[in-house]
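Asks: Below is a structure I'd like to ask you about.
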Amino acid sequence: MKSRGIFPFTGTWNLNVSSILKNPYPPITSSFELSAEELTREYHFDKTPLWTLICEEAVDTEHSHIYYQCVCNEISRRGVSAEEFKIARKFMWLTAGWLNFKCMLWDWVELNEEDIKKAIELQHRRGLIGQRKQERMLAYVQYIKELDRGNPA
């Protein structure tokens, strides 16, 4: 799917997102010291929906770089190319990330497809995006959902 027309409004949040996306993801190191338990922990994301994995970096909780690497590995395992992931991350930050940080939702447990849809609806209600853009954005949400080979839900 082409990314043309799926990105929402312009403004200061776009500048924040551009800055966020310049940082390496997954991060190379953690901003805190890792415990022995963290170094040996195994993560299993096979039942986690793809959008939830993509949204993980915008949840208001910091995990280790090992955790985020495992998230990225799972996304790749499901057949999402590096280019598609780059587009999906930007889209996520402009929707779910916007909802969590700019609108001060401050969710520290989970963000998912429903949060993205809620952000799109709110952006439409606030007049930040028009009806056609809303429809294209919702189609992109569905497109990524259909890419999810690892989760039968």
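Ligands are numbered from 1 in the order shown, chains are lettered A, B, ... in the order of the structure tokens, and residues start at 1 in each chain.
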Just list as a compact mmCIF listing (two decimals) with C-alpha atoms, in the first residue's frame whatever in stretch 4-51 of chain A DSSP marks as alpha helix (DSSP H).
Replies:
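Now in states_10.txt:
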# COMPACT_ATOMS: atom_id res chain seq x y z
CA THR A 12 4.38 21.04 15.82
CA TRP A 13 3.57 17.40 16.62
CA ASN A 14 4.96 16.43 13.18
CA LEU A 15 8.23 18.11 14.16
CA ASN A 16 8.28 16.14 17.41
CA VAL A 17 7.63 12.92 15.49
CA SER A 18 10.40 13.71 13.00
CA SER A 19 12.76 14.13 15.93
CA ILE A 20 11.62 10.85 17.52
CA LEU A 21 12.05 8.95 14.26
CA LYS A 22 15.65 10.16 13.90
CA ALA A 36 20.54 -10.30 35.44
CA GLU A 37 16.88 -11.26 35.15
CA GLU A 38 16.35 -8.85 32.26
CA LEU A 39 19.38 -10.18 30.44
CA THR A 40 17.98 -13.72 30.48
CA LEU A 50 0.65 -6.41 15.12
CA TRP A 51 -0.61 -2.89 15.81
Asks: Near stretch 93-108 of chain A, counting only C-alpha atoms, which residues have an atom at most 6 Å away, once you skip same-chain residues fewer than 6 positions from it, shown as JSON, numbers by chain?
Replies: {"A": [58, 59, 60, 61, 115, 116, 119]}
Asks: With distances taken over only C-alpha atoms, which residue among A:Ser81, A:Ser30, A:Ser64, A:Gln123 lies nearest A:Ile144?
Replies: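 Closest residue, counting only C-alpha atoms: A:Ser81.
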Asks: Within 9 Å of A:Leu53, counting only C-alpha atoms, which residues qualify if same-chain residues fewer than 2 places away don't, as a count of residues only?
Replies: 14
Asks: Using only C-alpha atoms, which of the listed residues (A:Arg77, A:Ile28, A:Tyr68, A:Ser3) sits closest to A:Asp148?
Replies: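 Residue with the minimum atom-to-atom distance to A:Asp148: A:Arg77.
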Asks: Show me, as a short mmCIF file (atom, residue, chain, number, x, y, z; two decimals) with N, CA and C atoms, in the first residue's frame, the residues that have an atom within 10 Å of A:Ser31 when counting only C-alpha atoms, minus same-chain residues fewer than 5 positions from it.
Replies:
data_model
loop_
_atom_site.label_atom_id
_atom_site.label_comp_id
_atom_site.auth_asym_id
_atom_site.auth_seq_id
_atom_site.Cartn_x
_atom_site.Cartn_y
_atom_site.Cartn_z
N GLU A 62 8.99 2.69 29.98
CA GLU A 62 10.26 2.40 29.32
C GLU A 62 10.67 0.96 29.61
N HIS A 63 11.00 0.26 28.55
CA HIS A 63 11.52 -1.10 28.66
C HIS A 63 12.99 -1.09 28.26
N SER A 64 13.64 -2.22 28.42
CA SER A 64 15.04 -2.33 28.02
C SER A 64 15.15 -2.39 26.50
N HIS A 65 16.34 -2.11 26.01
CA HIS A 65 16.57 -2.21 24.57
C HIS A 65 16.41 -3.66 24.09
#
Asks: Tell me which of A:Tyr143, A:Phe9, A:Tyr25, A:Tyr67 sits closest to A:Arg41, counting only C-alpha atoms.
Replies: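 Among A:Tyr143, A:Phe9, A:Tyr25, A:Tyr67, it is A:Tyr67 that comes nearest to A:Arg41.
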